[in-house]
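Take a look at the structure below.
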Amino acid sequence: MSSRLMNVSSRETTQYVSHFILMGFPSRPEMQLLYFGLFSVAYALTLMGNTAIVCAVRWDQRLHTPMYILLGNFSLLEICYVTTTVPNMLANFLSTSKSISFVSCFAQFYFFFSLGCDEGFYLCIMAFDRYLAICRPLHYPRIMTKHHLCMNLVVLCWVTAFLCYPVPIYFITQLPFCGPNTIDHFVCDPGPLLVLSCTPAPGIELSCSLLSSLIIFITFFFIFWSYTLVLRTVLRVPSAAGRRKAFSTCGSHLAVVSLFYGTIMMMYISPTSGNPTGIQKIVTLVYSSVTPLVNLLIYSLRNKDMKTALRKIQMCTKISQSK
């Protein structure tokens with residue numbers, strides 16, 4: 001009888017879990033204000049810079065090529081990606097409750113992982129674009145432009161990414177959550193959420209790990225394969241100037257790929273791996289907040305056409321303000 005009452009009580013508690021507490025980065029109030037200031041500046045720069053790239057690609061006719069169309073869409077993705085986590089993190093720096101509703105937590109989980117998955121797919125498309133441009137230059141315009149393959153791939157990335165995680169997230173929402181409802185993270189992440197479950201869920205944990213591993217390794221090896229073929233082709237170019245030009249078109253993308261996969265592989269191969277919580281939070285902070293800003297600097301500073309287009313936008317803005 002007592003065990004039956006305990007089970008009923010547990011089910012009732014599960015049904016009335018209305019919010020979680022995101023601990024974030026516990027520290028003194030002065031440090032919370034410092035964090036708020038630093039990440040507010042980084043977030044503002046990320047939004048303004050990526051918005052400028054999107055506008056440059058939209059308005060400058062010279063950038064209406066597959067490579068820059070992909071870059072413009074990638075910048076739009078970065079805006080969405082940082083917005084899933086940073087505004088809530090900034091609010092928590094100034095909040096004493098640091099609470100997030102049950103629905104908002106899993107909505108953040110869904111969009112954060114879907115957009116992260118989308119970023120991996122985009123990096124694959126951009127690697128494929130460089131492969132065609134360098135290894136199949138005569139066929140490149142016909143394949144990427146004439147047959148609208150570029151835009152079809154962009155649409156496919158968005159749709160596929162948002163179809164990857166609904167099922168695992170649904171099963172996690174059905175788990176019984178019991179107190180305390182405190183997540184030792186600044187984002188609703190599967191590892192800390194699974195820890196809060198009243199009952200072990202090895203099947204869900206395994207499925208999350210397998211799904212993340214498949215997405216990470218399939219996209220990474222596709223990029224690796226693409227650049228292996230690019231490298232083989234570039235090394236056959238007779239002139240040193242030609243080789244430098246080919247490498248320069250790939251350098252920015254390779255830097256972004258290294259930064260993205262170097263951090264993400266540390267985290268989501270196993271969602272409840274033995275990494276210390278502090279390291280998990282720092283690594284997540286790097287690829288969710290810092291990487292989009294660094295990507296912006298890499299693409300804008302290393303690309304002459306993009307720098308020229310951004311200067312034009314700056315000049316047009318100054319002229320419109322003077323009027």
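Residues are referred to by chain and number: the chain letter is A, B, ... according to the order shown in the structure tokens, the number counts from 1 in that chain, and ligands are numbered separately from 1 in the order shown.
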Long-range neighbours of range 207-211 of chain A as number ranges by chain, 12 Å cut-off, only C-alpha atoms, 4 positions minimum in chain: A: 113-114, 117, 161, 163-172, 189-191, 194, 201-203, 215-218, 265, 267-273
For His185 in chain A, find every residue with an atom within 8 Å (counting only C-alpha atoms), except residues of its own chain fewer than 6 positions away, and show them as a ChimeraX atom specification. /A:22-25,192,277,281
Taking only C-alpha atoms into account, which of A:Ser239, A:Thr284, A:Thr291, A:Thr233 comes nearest Ala255 in chain A? A:Thr291
Write down as a ChimeraX atom specification the residues belonging to range 74-285 of chain A that are assigned alpha helix (DSSP H) by DSSP computed on the backbone. /A:74-83,86-94,102-135,140-141,149-161,166-173,190-195,202-235,240-264,277-285
Do a neighbour search on Val234 in chain A at 12 Å with only C-alpha atoms, toss out local chain neighbours closer than 4 positions, and write the hits as number ranges by chain. A: 130-131, 133-136, 227-230, 238-250
Measure the distance from CA of Thr83 in chain A to CA of Leu206 in chain A in Å and round it to one decimal.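 CA of Thr83 in chain A sits 28.4 Å away from CA of Leu206 in chain A.
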Quick check, in Å to one decimal: how far apart do CA of Asp60 in chain A and CA of Pro141 in chain A lie?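 So the two atoms, CA of Asp60 in chain A and CA of Pro141 in chain A, lie 19.0 Å apart.
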